[in-house]
file protein-v5.txt (compact mmCIF, C-alpha atoms and all ligand atoms)
# COMPACT_ATOMS: atom_id res chain seq x y z
CA PRO A 1 0.00 0.00 0.00
CA TYR A 2 0.90 3.63 -0.50
CA SER A 3 2.98 4.96 2.40
CA GLU A 4 4.89 8.09 3.39
CA LEU A 5 8.44 8.13 4.74
CA PHE A 6 9.55 10.30 7.65
CA LYS A 7 13.20 10.70 8.73
CA ALA A 8 14.18 10.38 12.39
CA GLY A 9 13.46 13.71 14.09
CA GLU A 10 11.01 14.87 11.43
CA LEU A 11 7.66 16.30 12.50
CA VAL A 12 4.60 14.34 11.22
CA PHE A 13 2.14 16.96 12.41
CA ALA A 14 2.16 19.77 14.95
CA GLU A 15 -0.18 20.92 17.69
CA GLY A 16 -2.70 23.36 16.18
CA ASP A 17 -2.55 21.90 12.65
CA ALA A 18 -5.81 21.23 10.84
CA PRO A 19 -5.99 17.45 10.28
CA THR A 20 -6.34 15.98 6.81
CA CYS A 21 -5.63 12.37 7.67
CA ALA A 22 -4.68 9.86 10.32
CA TYR A 23 -1.78 7.41 9.96
CA LEU A 24 -1.17 3.75 10.43
CA ILE A 25 2.42 3.09 11.52
CA GLU A 26 3.99 0.49 9.26
CA ALA A 27 7.55 0.80 10.55
CA GLY A 28 9.41 2.93 13.06
CA ARG A 29 8.54 4.70 16.28
CA ILE A 30 6.64 7.93 16.84
CA GLU A 31 6.59 10.20 19.86
CA ILE A 32 3.41 12.12 20.73
CA SER A 33 3.92 15.24 22.80
CA THR A 34 2.03 18.32 23.87
CA THR A 35 2.94 21.63 25.46
CA GLN A 36 2.02 21.83 29.13
CA LEU A 37 2.26 25.38 30.51
CA GLY A 38 4.95 26.19 27.99
CA GLU A 39 6.91 22.98 28.61
CA PRO A 40 6.92 20.03 26.15
CA ARG A 41 5.50 16.88 27.65
CA VAL A 42 5.66 13.41 26.13
CA LEU A 43 2.25 11.68 26.10
CA ALA A 44 3.02 8.43 24.33
CA GLU A 45 5.40 6.48 22.19
CA LEU A 46 3.79 4.52 19.36
CA GLY A 47 5.06 1.68 17.20
CA PRO A 48 4.14 -0.47 14.19
CA GLY A 49 0.47 -1.43 13.81
CA MET A 50 -0.74 1.54 15.86
CA LEU A 51 -2.93 4.42 14.73
CA LEU A 52 -1.73 7.97 14.92
CA GLY A 53 -3.60 11.27 14.73
CA GLU A 54 -6.99 9.58 14.47
CA MET A 55 -8.61 11.68 17.18
CA ALA A 56 -8.55 15.05 15.43
CA VAL A 57 -9.79 13.27 12.32
CA LEU A 58 -12.71 11.68 14.17
CA ASP A 59 -14.13 14.93 15.48
CA ASP A 60 -12.53 17.24 12.90
CA SER A 61 -10.77 19.49 15.41
CA THR A 62 -7.22 20.86 15.29
CA ARG A 63 -4.36 18.67 16.46
CA THR A 64 -4.00 18.84 20.24
CA ALA A 65 -0.60 17.16 20.22
CA SER A 66 2.46 16.93 18.00
CA ALA A 67 3.87 13.76 16.45
CA ARG A 68 7.57 13.35 15.71
CA ALA A 69 9.44 10.44 14.18
CA LEU A 70 11.88 8.95 16.72
CA THR A 71 13.38 6.66 14.09
CA ASP A 72 12.96 6.53 10.31
CA CYS A 73 9.27 5.77 9.84
CA ARG A 74 6.93 4.48 7.20
CA LEU A 75 3.31 5.63 7.68
CA ILE A 76 0.16 4.84 5.70
CA PRO A 77 -2.10 7.90 5.56
CA ILE A 78 -5.80 7.24 6.16
CA ASP A 79 -8.03 9.86 4.65
CA LYS A 80 -10.42 11.84 6.85
CA ALA A 81 -13.34 10.89 4.58
CA GLN A 82 -12.56 7.21 5.05
CA PHE A 83 -13.10 7.54 8.80
CA ALA A 84 -16.10 9.78 8.40
CA GLU A 85 -17.82 7.21 6.23
CA ARG A 86 -17.14 4.33 8.60
CA LEU A 87 -18.25 6.37 11.54
CA ALA A 88 -21.45 7.40 9.78
CA ASN A 89 -22.25 3.76 9.07
CA ALA A 90 -21.30 2.52 12.53
CA ASP A 91 -23.81 1.34 15.09
CA PRO A 92 -25.03 4.55 16.80
CA VAL A 93 -24.28 3.09 20.22
CA VAL A 94 -20.68 2.33 19.24
CA ARG A 95 -20.39 5.83 17.81
CA ALA A 96 -21.69 7.36 21.02
CA LEU A 97 -19.25 5.30 23.10
CA LEU A 98 -16.37 6.38 20.90
CA MET A 99 -17.35 10.03 20.97
CA SER A 100 -17.79 10.00 24.74
CA GLN A 101 -14.33 8.47 25.18
CA LEU A 102 -12.92 11.09 22.86
CA THR A 103 -14.59 13.89 24.80
CA ARG A 104 -13.28 12.52 28.07
CA TYR A 105 -9.77 12.14 26.67
CA ARG A 106 -9.80 15.67 25.32
CA SER A 107 -10.89 17.23 28.59
CA ALA A 108 -8.23 15.22 30.44
CA LEU A 109 -5.70 16.51 27.94
CA ALA A 110 -6.94 20.08 28.34
CA ARG A 111 -6.59 19.78 32.12
CA LEU A 112 -3.08 18.41 31.67
CA THR A 113 -2.01 21.26 29.44
CA GLY A 114 -3.71 23.90 31.58
CA GLU A 115 -6.28 24.93 28.96
CA VAL A 116 -9.42 24.51 30.96
CA ASP A 117 -11.50 27.33 29.54
CA GLY A 118 -14.32 24.93 28.77
CA SER A 119 -14.80 26.30 25.27
CA ASP A 120 -13.68 23.11 23.59
CA PRO A 121 -16.05 22.58 20.65
CA VAL A 122 -15.47 18.84 20.95
CA LEU A 123 -17.60 18.81 24.08
CA ALA A 124 -20.68 19.66 22.03
CA ALA A 125 -22.80 16.54 21.69
CA GLN A 126 -23.12 14.91 18.29
CA PRO A 127 -26.62 15.24 16.86
CA ASP A 128 -27.45 11.55 17.17
CA ASP A 129 -25.82 11.11 20.59
CA ALA A 130 -29.15 11.60 22.32
CA ASP A 131 -30.74 8.74 20.38
CA ALA A 132 -27.83 6.46 21.09
CA VAL A 133 -27.78 7.31 24.79
CA ASP A 134 -31.54 6.73 24.85
CA LYS A 135 -30.96 3.34 23.30
CA ILE A 136 -28.29 2.43 25.87
CA ARG A 137 -30.66 3.45 28.65
CA LEU A 138 -33.57 1.49 27.15
CA GLU A 139 -31.32 -1.52 26.79
CA SER A 140 -30.30 -1.51 30.48
CA GLU A 141 -33.91 -0.98 31.50
CA LEU A 142 -34.99 -3.88 29.34
CA ARG A 143 -32.37 -6.06 31.00
CA ALA A 144 -33.73 -5.06 34.41
CA ALA A 145 -37.33 -5.52 33.24
CA LEU A 146 -36.57 -9.07 32.25
CA GLU A 147 -35.11 -9.80 35.69
CA ARG A 148 -38.09 -8.18 37.41
CA LYS A 149 -40.46 -10.09 35.12
CA GLU A 150 -42.06 -6.86 33.84
CA LEU A 151 -42.45 -8.44 30.42
CA GLU A 152 -45.95 -9.72 29.94
CA VAL A 153 -46.91 -12.40 27.46
CA ARG A 154 -50.36 -11.81 25.97
CA LEU A 155 -52.43 -14.21 23.95
CA GLN A 156 -54.24 -13.27 20.76
CA PRO A 157 -56.92 -15.80 19.76
CA ILE A 158 -56.82 -17.62 16.43
CA GLU A 159 -60.21 -18.78 15.21
CA GLU A 160 -61.04 -21.71 12.97
CA ILE A 161 -63.34 -19.89 10.57
CA VAL A 162 -65.65 -22.81 9.65
CA SER A 163 -66.47 -23.79 13.23
CA GLY A 164 -66.01 -20.42 14.91
CA ARG A 165 -63.97 -22.24 17.56
CA ILE A 166 -60.77 -20.72 19.08
CA ALA A 167 -58.15 -23.25 17.99
CA GLY A 168 -55.16 -21.53 19.48
CA TYR A 169 -53.36 -18.32 20.33
CA GLU A 170 -50.33 -16.32 19.33
CA ALA A 171 -48.07 -15.26 22.19
CA LEU A 172 -47.20 -11.55 21.89
CA VAL A 173 -44.84 -10.01 24.37
CA ARG A 174 -45.48 -6.60 26.00
CA TRP A 175 -43.22 -4.43 28.08
CA GLN A 176 -45.07 -2.44 30.68
CA HIS A 177 -42.51 0.34 31.23
CA PRO A 178 -42.94 2.31 34.50
CA GLU A 179 -42.62 5.70 32.70
CA ARG A 180 -42.96 5.02 29.00
CA GLY A 181 -46.07 2.89 29.37
CA ALA A 182 -46.53 -0.09 27.08
CA VAL A 183 -43.47 -0.31 24.84
CA SER A 184 -44.25 -2.06 21.56
CA PRO A 185 -42.39 -5.28 20.83
CA ALA A 186 -41.71 -3.80 17.39
CA GLU A 187 -39.43 -1.38 19.25
CA PHE A 188 -37.78 -3.44 21.94
CA ILE A 189 -37.47 -6.76 20.11
CA ARG A 190 -35.32 -5.05 17.50
CA LEU A 191 -33.23 -3.53 20.29
CA ALA A 192 -32.93 -6.91 22.00
CA GLU A 193 -31.91 -8.50 18.72
CA GLU A 194 -28.99 -6.09 18.39
CA THR A 195 -27.64 -7.51 21.63
CA SER A 196 -27.81 -11.04 22.95
CA LEU A 197 -30.69 -10.00 25.21
CA ILE A 198 -33.14 -11.62 22.81
CA VAL A 199 -31.98 -15.07 23.92
CA PRO A 200 -33.08 -14.78 27.58
CA ILE A 201 -36.20 -12.84 26.49
CA GLY A 202 -37.04 -15.60 24.01
CA ASP A 203 -36.49 -18.27 26.65
CA TYR A 204 -38.69 -16.34 29.05
CA VAL A 205 -41.51 -16.09 26.49
CA LEU A 206 -41.25 -19.81 25.68
CA ALA A 207 -41.35 -20.76 29.36
CA ARG A 208 -44.39 -18.52 29.90
CA VAL A 209 -46.10 -20.11 26.89
CA CYS A 210 -45.53 -23.59 28.34
CA ASP A 211 -46.87 -22.46 31.72
CA MET A 212 -49.96 -21.12 29.96
CA LEU A 213 -50.51 -24.44 28.19
CA VAL A 214 -50.39 -26.11 31.60
CA GLU A 215 -52.95 -23.58 32.82
CA PHE A 216 -55.30 -24.45 29.92
CA ARG A 217 -54.89 -28.16 30.68
CA THR A 218 -55.53 -27.63 34.38
CA ARG A 219 -58.73 -25.76 33.53
CA GLY A 220 -59.79 -28.72 31.41
CA ARG A 221 -59.76 -26.93 28.04
CA LYS A 222 -60.40 -29.65 25.42
CA PRO A 223 -59.03 -29.95 22.84
CA LEU A 224 -55.96 -28.28 24.27
CA PRO A 225 -55.39 -25.08 22.22
CA PHE A 226 -52.03 -24.48 20.57
CA ILE A 227 -49.90 -21.45 21.33
CA ALA A 228 -47.62 -19.98 18.69
CA ALA A 229 -44.42 -18.22 19.75
CA ASN A 230 -42.38 -15.85 17.57
CA LEU A 231 -38.71 -16.62 17.03
CA SER A 232 -36.01 -14.08 16.28
CA GLY A 233 -32.96 -14.60 14.11
CA ARG A 234 -30.63 -15.09 17.06
CA GLN A 235 -32.84 -17.78 18.51
CA ILE A 236 -32.86 -19.64 15.21
CA ASP A 237 -29.05 -19.51 15.12
CA ASP A 238 -28.93 -21.06 18.58
CA PRO A 239 -28.41 -24.82 18.08
CA GLY A 240 -29.63 -25.55 21.61
CA LEU A 241 -33.03 -23.93 21.08
CA VAL A 242 -35.15 -26.96 20.15
CA GLY A 243 -33.56 -29.03 22.93
CA ARG A 244 -34.37 -26.37 25.50
CA ILE A 245 -37.97 -26.13 24.26
CA LEU A 246 -38.31 -29.90 24.54
CA ASP A 247 -37.01 -29.75 28.12
CA LEU A 248 -39.66 -27.14 28.91
CA LEU A 249 -42.40 -29.31 27.37
CA ARG A 250 -41.26 -32.57 28.96
CA ALA A 251 -40.92 -31.01 32.40
CA ARG A 252 -44.64 -30.19 32.15
CA ASP A 253 -45.63 -33.35 30.30
CA LEU A 254 -47.02 -31.31 27.38
CA PRO A 255 -47.51 -32.68 23.84
CA PRO A 256 -45.00 -30.95 21.47
CA ASP A 257 -47.65 -30.27 18.81
CA ARG A 258 -49.36 -27.69 21.04
CA LEU A 259 -46.39 -25.34 20.75
CA LYS A 260 -45.95 -23.74 17.34
CA LEU A 261 -42.94 -21.73 16.29
CA GLU A 262 -43.34 -18.72 14.00
CA VAL A 263 -40.47 -17.72 11.76
CA THR A 264 -40.84 -14.42 9.96
CA GLU A 265 -40.34 -14.29 6.23
CA SER A 266 -37.40 -11.88 6.44
CA LEU A 267 -35.45 -14.48 8.44
CA VAL A 268 -36.02 -17.20 5.92
CA MET A 269 -33.35 -15.87 3.58
CA ASP A 270 -30.98 -18.55 4.74
CA HIS A 271 -32.90 -21.64 3.66
CA ALA A 272 -30.40 -24.20 4.92
CA ARG A 273 -30.53 -22.79 8.43
CA ILE A 274 -34.34 -22.74 8.58
CA GLY A 275 -34.45 -26.14 6.88
CA ASP A 276 -32.39 -27.58 9.74
CA LEU A 277 -34.67 -25.97 12.30
CA ILE A 278 -37.81 -27.34 10.62
CA ALA A 279 -36.33 -30.83 10.33
CA HIS A 280 -35.34 -30.76 13.99
CA CYS A 281 -38.80 -29.53 15.03
CA HIS A 282 -40.58 -32.14 12.89
CA SER A 283 -38.44 -34.93 14.32
CA VAL A 284 -39.89 -34.10 17.73
CA GLY A 285 -43.40 -33.27 16.52
CA MET A 286 -43.32 -29.49 16.74
CA PRO A 287 -44.97 -27.48 13.93
CA VAL A 288 -43.37 -24.42 12.32
CA ALA A 289 -45.21 -21.49 10.69
CA LEU A 290 -44.02 -19.04 8.05
CA ASP A 291 -44.93 -15.63 9.46
CA ASP A 292 -45.72 -12.40 7.59
CA PHE A 293 -46.08 -14.19 4.28
CA GLY A 294 -46.28 -11.76 1.39
CA THR A 295 -44.35 -8.85 2.93
CA GLY A 296 -40.97 -7.24 2.21
CA TYR A 297 -38.87 -10.13 1.04
CA SER A 298 -41.79 -11.61 -0.84
CA ASN A 299 -40.57 -14.60 -2.62
CA LEU A 300 -41.96 -18.06 -3.20
CA GLY A 301 -38.50 -19.58 -2.75
CA PRO A 302 -38.96 -20.47 0.93
CA LEU A 303 -42.16 -22.39 0.14
CA LEU A 304 -40.46 -24.22 -2.68
CA THR A 305 -37.79 -25.70 -0.43
CA LEU A 306 -39.06 -25.47 3.11
CA ASN A 307 -41.69 -27.72 4.59
CA PHE A 308 -43.71 -25.31 6.73
CA ASP A 309 -46.85 -26.57 8.49
CA GLN A 310 -48.56 -23.24 8.45
CA ILE A 311 -48.50 -19.99 6.48
CA LYS A 312 -49.51 -16.74 8.12
CA LEU A 313 -50.77 -14.35 5.49
CA ASP A 314 -49.71 -10.78 6.25
CA ALA A 315 -52.41 -8.26 7.19
CA SER A 316 -51.71 -6.18 4.07
CA PHE A 317 -53.43 -8.90 2.00
CA ILE A 318 -56.44 -8.87 4.29
CA LYS A 319 -56.70 -5.09 3.92
CA ALA A 320 -56.70 -5.63 0.14
CA LEU A 321 -59.83 -7.82 0.34
CA ASP A 322 -61.90 -4.69 -0.40
CA ARG A 323 -60.62 -4.87 -4.00
CA PRO A 324 -61.20 -7.59 -6.62
CA ARG A 325 -57.42 -7.94 -7.13
CA GLY A 326 -56.92 -8.59 -3.41
CA VAL A 327 -59.68 -11.19 -3.37
CA ALA A 328 -58.16 -12.86 -6.43
CA MET A 329 -54.71 -13.02 -4.89
CA VAL A 330 -55.85 -14.34 -1.51
CA GLY A 331 -57.87 -16.94 -3.39
CA VAL A 332 -54.75 -18.10 -5.20
CA ILE A 333 -52.77 -18.19 -1.94
CA VAL A 334 -55.50 -20.30 -0.30
CA GLY A 335 -55.19 -22.76 -3.18
CA MET A 336 -51.42 -22.78 -2.95
CA ALA A 337 -51.46 -23.43 0.80
CA ARG A 338 -53.90 -26.31 0.29
CA ALA A 339 -51.74 -27.80 -2.47
CA LEU A 340 -48.72 -27.60 -0.16
CA ASP A 341 -50.71 -29.18 2.70
CA CYS A 342 -50.17 -26.08 4.82
CA ASP A 343 -52.72 -24.46 7.09
CA LEU A 344 -53.38 -20.83 6.24
CA VAL A 345 -53.88 -18.17 8.93
CA ALA A 346 -55.14 -14.73 7.88
CA GLU A 347 -53.58 -12.00 10.05
CA GLY A 348 -55.10 -8.63 10.91
CA VAL A 349 -58.74 -9.60 10.32
CA GLU A 350 -60.69 -6.58 11.55
CA THR A 351 -64.11 -6.74 9.88
CA ARG A 352 -66.94 -9.21 9.37
CA GLU A 353 -66.71 -8.61 5.62
CA GLN A 354 -63.10 -9.76 5.63
CA ARG A 355 -63.95 -12.90 7.58
CA GLU A 356 -66.87 -13.58 5.28
CA ILE A 357 -64.65 -13.37 2.18
CA LEU A 358 -61.97 -15.53 3.82
CA HIS A 359 -64.63 -18.09 4.68
CA ARG A 360 -65.86 -18.14 1.10
CA LEU A 361 -62.29 -18.48 -0.23
CA GLY A 362 -61.63 -21.42 2.10
CA CYS A 363 -58.99 -19.91 4.39
CA ARG A 364 -58.84 -22.05 7.53
CA TYR A 365 -57.90 -19.64 10.35
CA ALA A 366 -58.45 -15.97 11.18
CA GLN A 367 -56.52 -13.83 13.63
CA GLY A 368 -57.16 -10.15 14.31
CA TRP A 369 -59.12 -7.65 16.32
CA LEU A 370 -62.43 -9.03 15.04
CA VAL A 371 -61.64 -12.33 16.75
CA GLY A 372 -59.87 -10.74 19.72
CA LYS A 373 -57.05 -8.46 20.77
CA PRO A 374 -53.97 -9.76 22.56
CA GLN A 375 -55.17 -10.43 26.14
CA SER A 376 -53.68 -11.44 29.46
CA LEU A 377 -53.99 -15.10 30.36
CA GLY A 378 -56.44 -14.14 33.11
CA ASP A 379 -58.77 -12.45 30.62
CA VAL A 380 -58.54 -15.41 28.23
CA LEU A 381 -59.44 -17.89 30.98
CA GLU A 382 -62.49 -15.87 32.06
CA HIS A 383 -64.17 -16.39 28.66
P1 LIG B 1 -46.42 -10.36 14.32
O1 LIG B 1 -45.81 -11.67 14.69
O2 LIG B 1 -46.80 -10.17 12.88
O3 LIG B 1 -47.66 -10.16 15.27
C1 LIG B 1 -48.88 -9.63 14.85
C2 LIG B 1 -49.00 -8.18 15.21
O4 LIG B 1 -50.20 -7.65 14.66
C3 LIG B 1 -49.08 -7.94 16.71
O5 LIG B 1 -48.45 -6.71 16.99
C4 LIG B 1 -50.59 -7.83 16.92
O6 LIG B 1 -50.94 -7.15 18.10
C5 LIG B 1 -50.99 -7.08 15.69
N1 LIG B 1 -52.39 -7.30 15.34
C6 LIG B 1 -53.11 -8.42 15.55
N2 LIG B 1 -54.35 -8.30 15.04
C7 LIG B 1 -54.41 -7.08 14.48
C8 LIG B 1 -55.46 -6.37 13.79
O7 LIG B 1 -56.57 -6.85 13.58
N3 LIG B 1 -55.15 -5.13 13.33
C9 LIG B 1 -53.94 -4.56 13.55
N4 LIG B 1 -53.72 -3.34 13.08
N5 LIG B 1 -52.93 -5.20 14.20
C10 LIG B 1 -53.19 -6.44 14.67
P2 LIG B 1 -47.48 -6.57 18.24
O8 LIG B 1 -48.03 -7.33 19.39
O9 LIG B 1 -47.22 -5.12 18.42
O10 LIG B 1 -46.18 -7.32 17.78
C11 LIG B 1 -45.37 -6.79 16.76
C12 LIG B 1 -44.32 -7.76 16.34
O11 LIG B 1 -43.35 -7.98 17.36
C13 LIG B 1 -44.87 -9.15 16.03
O12 LIG B 1 -45.41 -9.15 14.73
C14 LIG B 1 -43.64 -10.00 16.15
O13 LIG B 1 -42.89 -9.97 14.97
C15 LIG B 1 -42.85 -9.29 17.23
N6 LIG B 1 -42.99 -10.01 18.50
C16 LIG B 1 -44.00 -9.99 19.39
N7 LIG B 1 -43.76 -10.82 20.41
C17 LIG B 1 -42.56 -11.41 20.16
C18 LIG B 1 -41.74 -12.36 20.85
O14 LIG B 1 -42.09 -12.89 21.93
N8 LIG B 1 -40.56 -12.72 20.27
C19 LIG B 1 -40.16 -12.18 19.08
N9 LIG B 1 -38.99 -12.58 18.57
N10 LIG B 1 -40.90 -11.27 18.41
C20 LIG B 1 -42.08 -10.90 18.95
CA CA B 2 -46.08 -13.73 14.50
CA CA B 3 -47.25 -11.72 11.36
CA CA B 4 -48.64 -30.57 6.70

call {"tool": "encode", "arguments": {"input": "protein-v5.txt", "output": "structure tokens"}}
result
Amino acid sequence: PYSELFKAGELVFAEGDAPTCAYLIEAGRIEISTTQLGEPRVLAELGPGMLLGEMAVLDDSTRTASARALTDCRLIPIDKAQFAERLANADPVVRALLMSQLTRYRSALARLTGEVDGSDPVLAAQPDDADAVDKIRLESELRAALERKELEVRLQPIEEIVSGRIAGYEALVRWQHPERGAVSPAEFIRLAEETSLIVPIGDYVLARVCDMLVEFRTRGRKPLPFIAANLSGRQIDDPGLVGRILDLLRARDLPPDRLKLEVTESLVMDHARIGDLIAHCHSVGMPVALDDFGTGYSNLGPLLTLNFDQIKLDASFIKALDRPRGVAMVGVIVGMARALDCDLVAEGVETREQREILHRLGCRYAQGWLVGKPQSLGDVLEH
């Protein structure tokens, strides 16, 4: 790669310079120094493989220290724009951590050199810092909420349209936040997925679901309804998942076919991975549903190769039932599901008209506000 040579004793950059680039030290040693109350003071000695001058580049401020070659050096310049781009694309939390370290380092440096006038522009927060800090806070709160069991698992009924009977439920998690109120899973599940927090949350939901099945059995509900639980990408990657679910079921002497797993279409991109999960589930008698069918990544590929037991048709198709095109498409999907020997569940059914059309088209199950909203187990058992 392209590099610049500096002779022993030569200045690489000086305090007060405007930065154009940072450097990666390929060979040689560099001394970093600053002026403290008029006296030079050595801050660090750097060697091969280390970065140099990256701080001023990161926050685009003037150099707060000088760099001098102690020996003959070979340095690879790294353009300011190169950092800026990486930083812009970085996880906002990582960016906030980096910027806060930088701020702290700079104020320590200012104290060291006696320039504590507090006017350092670096101390101004980055525009998206607030969001990132908010995210960090939410993440710690979520961790605590899980420990305090503030996450509630609600059940939304799924009706068999022909008989009008509630065949099962979907488990939907809720976070009752002391100040923010009910935080939508759409918000915190994504957050949890960015960290490993989704694994204990997922395990918690699955354990609650099994406890609820026991509750239904204890109350003598016959046939025992199924409960469907949503899986996230991280959970699918976890090779121990199915084993842990089986342990939960066996400990309660529950039949495995009463627990359904829902895998959202956007996660089905990696067919081999999902194929393994389905095979594992089928070998123990657990059904798997393809969730949100017809959204975003819309593609018939998953259905071509993967042996799902159930397809959940996204609510956008149900909304389209007020148009002939929508009716035509749902009709075709009903036929396809039947040909594949898959049960079809219509999601987001809100009106009688929609249920009527679905009935006529031969869709087996309906889920949505018309049938029932997500409810606490207590409310479900009262009906
Ligand atoms: P989803 O799996 O597609 O769940 C259906 C969503 O549609 C739920 O939103 C439900 O409350 C909502 N819904 C049901 N019927 C109707 C209706 O008639 N009209 C309208 N407008 N909406 C309806 P919710 O509970 O906010 O959950 C959002 C998403 O969060 C879920 O989408 C699911 O992907 C995810 N999620 C929920 N619980 C869990 C969980 O325990 N684990 C994981 N990994 N994800 C979860
Ligand atoms: Ca779902
Ligand atoms: Ca869905
Ligand atoms: Ca089947």

call {"tool": "closest_atom_pairs", "arguments": {"input": "protein-v5.txt", "of": "chain A", "to": "ligand LIG 1 (chain B)", "cutoff": "8 Å", "atoms": "only C-alpha atoms and all ligand atoms", "output": "tab-separated table"}}
result
residue	atom	partner	partner_atom	distance
A:Val153	CA	B:LIG1	O14	7.4
A:Gln156	CA	B:LIG1	C6	7.2
A:Glu170	CA	B:LIG1	O3	7.8
A:Ala171	CA	B:LIG1	O14	6.4
A:Leu172	CA	B:LIG1	N7	3.8
A:Val173	CA	B:LIG1	N7	4.2
A:Arg174	CA	B:LIG1	O8	7.1
A:Ser184	CA	B:LIG1	O9	5.3
A:Pro185	CA	B:LIG1	O11	4.5
A:Ala186	CA	B:LIG1	O11	4.5
A:Glu187	CA	B:LIG1	O11	7.9
A:Ile189	CA	B:LIG1	N10	5.9
A:Ile198	CA	B:LIG1	N9	7.3
A:Ile201	CA	B:LIG1	O14	7.4
A:Gly202	CA	B:LIG1	N8	5.9
A:Val205	CA	B:LIG1	O14	5.6
A:Leu206	CA	B:LIG1	O14	7.9
A:Ala229	CA	B:LIG1	O14	6.2
A:Asn230	CA	B:LIG1	N8	4.5
A:Leu231	CA	B:LIG1	N9	4.3
A:Ser232	CA	B:LIG1	N9	4.0
A:Gly233	CA	B:LIG1	N9	7.8
A:Glu262	CA	B:LIG1	O1	7.5
A:Thr264	CA	B:LIG1	O13	7.0
A:Asp291	CA	B:LIG1	O1	6.6
A:Asp292	CA	B:LIG1	O2	5.8
A:Asp314	CA	B:LIG1	O2	7.3
A:Ala315	CA	B:LIG1	N3	7.4
A:Glu347	CA	B:LIG1	N2	6.3
A:Gly348	CA	B:LIG1	O7	3.5
A:Val349	CA	B:LIG1	O7	4.8
A:Glu350	CA	B:LIG1	O7	4.6
A:Gln367	CA	B:LIG1	N2	6.1
A:Gly368	CA	B:LIG1	O7	3.4
A:Trp369	CA	B:LIG1	O7	3.8
A:Leu370	CA	B:LIG1	O7	6.4
A:Gly372	CA	B:LIG1	N2	7.6
A:Lys373	CA	B:LIG1	N2	6.3
A:Pro374	CA	B:LIG1	O6	6.0

call {"tool": "closest_residue", "arguments": {"input": "protein-v5.txt", "among": "A:Phe6, A:Phe308, A:Trp175, A:Phe293", "to": "ligand CA 4 (chain B)", "atoms": "all atoms listed in the file"}}
result
A:Phe308

call {"tool": "closest_residue", "arguments": {"input": "protein-v5.txt", "among": "A:Glu265, A:Glu382, A:Glu159, A:Glu141", "to": "ligand CA 3 (chain B)", "atoms": "only C-alpha atoms and all ligand atoms"}}
result
A:Glu265

call {"tool": "residues_around", "arguments": {"input": "protein-v5.txt", "residues": "Ala22 in chain A", "least_positions_apart": "4", "cutoff": "10 Å", "atoms": "only C-alpha atoms", "output": "number ranges by chain"}}
result
A: 51-58, 75-80, 82-83

call {"tool": "residues_around", "arguments": {"input": "protein-v5.txt", "residues": "Gln375 in chain A", "least_positions_apart": "5", "cutoff": "7 Å", "atoms": "all atoms listed in the file", "output": "ChimeraX atom specification"}}
result
/A:154-156,380

call {"tool": "write_last_selection", "arguments": {"input": "protein-v5.txt", "atoms": "C-alpha atoms", "output": "tab-separated table (two decimals), keeping the file's coordinate frame"}}
result
chain	number	residue	atom	x	y	z
A	154	ARG	CA	-50.36	-11.81	25.97
A	155	LEU	CA	-52.43	-14.21	23.95
A	156	GLN	CA	-54.24	-13.27	20.76
A	380	VAL	CA	-58.54	-15.41	28.23

call {"tool": "atom_distance", "arguments": {"input": "protein-v5.txt", "atom1": "CA of Lys312 in chain A", "atom2": "CA of Met212 in chain A"}}
result
22.3 Å

call {"tool": "atom_distance", "arguments": {"input": "protein-v5.txt", "atom1": "CA of Ala192 in chain A", "atom2": "CA of Pro178 in chain A"}}
result
18.5 Å

call {"tool": "residues_near_ligand", "arguments": {"input": "protein-v5.txt", "ligand": "ligand CA 4 (chain B)", "cutoff": "8 Å", "atoms": "all atoms listed in the file", "output": "list in words"}}
result
Asn307, Phe308, Asp309, Gln310, Leu340, Asp341, Cys342 and Asp343 of chain A

call {"tool": "residues_near_point", "arguments": {"input": "protein-v5.txt", "point": "(-61.5, -23.1, 33.1)", "cutoff": "7 Å", "atoms": "all atoms listed in the file", "output": "list in words"}}
result
Arg219, Gly220, Arg221 and Leu381 of chain A

call {"tool": "write_last_selection", "arguments": {"input": "protein-v5.txt", "atoms": "C-alpha atoms", "output": "short mmCIF file (atom, residue, chain, number, x, y, z; two decimals), in the coordinates of the input"}}
result
data_model
loop_
_atom_site.label_atom_id
_atom_site.label_comp_id
_atom_site.auth_asym_id
_atom_site.auth_seq_id
_atom_site.Cartn_x
_atom_site.Cartn_y
_atom_site.Cartn_z
CA ARG A 219 -58.73 -25.76 33.53
CA GLY A 220 -59.79 -28.72 31.41
CA ARG A 221 -59.76 -26.93 28.04
CA LEU A 381 -59.44 -17.89 30.98
#

call {"tool": "atom_distance", "arguments": {"input": "protein-v5.txt", "atom1": "CA of Val94 in chain A", "atom2": "CA of Ala14 in chain A"}}
result
29.1 Å

call {"tool": "closest_residue", "arguments": {"input": "protein-v5.txt", "among": "A:Val183, A:Pro256, A:Val162, A:Ser140", "to": "Leu361 in chain A", "atoms": "all atoms listed in the file"}}
result
A:Val162

call {"tool": "closest_residue", "arguments": {"input": "protein-v5.txt", "among": "A:Ile311, A:Leu24, A:Val330, A:Leu97", "to": "ligand CA 3 (chain B)", "atoms": "all atoms listed in the file"}}
result
A:Ile311

call {"tool": "closest_residue", "arguments": {"input": "protein-v5.txt", "among": "A:Glu353, A:Ala272, A:Pro223, A:Asp59", "to": "Ala88 in chain A", "atoms": "all atoms listed in the file"}}
result
A:Asp59

call {"tool": "closest_residue", "arguments": {"input": "protein-v5.txt", "among": "A:Leu290, A:Leu43, A:Ile245, A:Ile274", "to": "ligand CA 2 (chain B)", "atoms": "only C-alpha atoms and all ligand atoms"}}
result
A:Leu290

call {"tool": "residues_near_point", "arguments": {"input": "protein-v5.txt", "point": "(2.5, 22.1, 17.7)", "cutoff": "8 Å", "atoms": "all atoms listed in the file", "output": "list in words"}}
result
Phe13, Ala14, Glu15, Gly16, Asp17, Thr34, Thr35, Arg63, Thr64, Ala65 and Ser66 of chain A
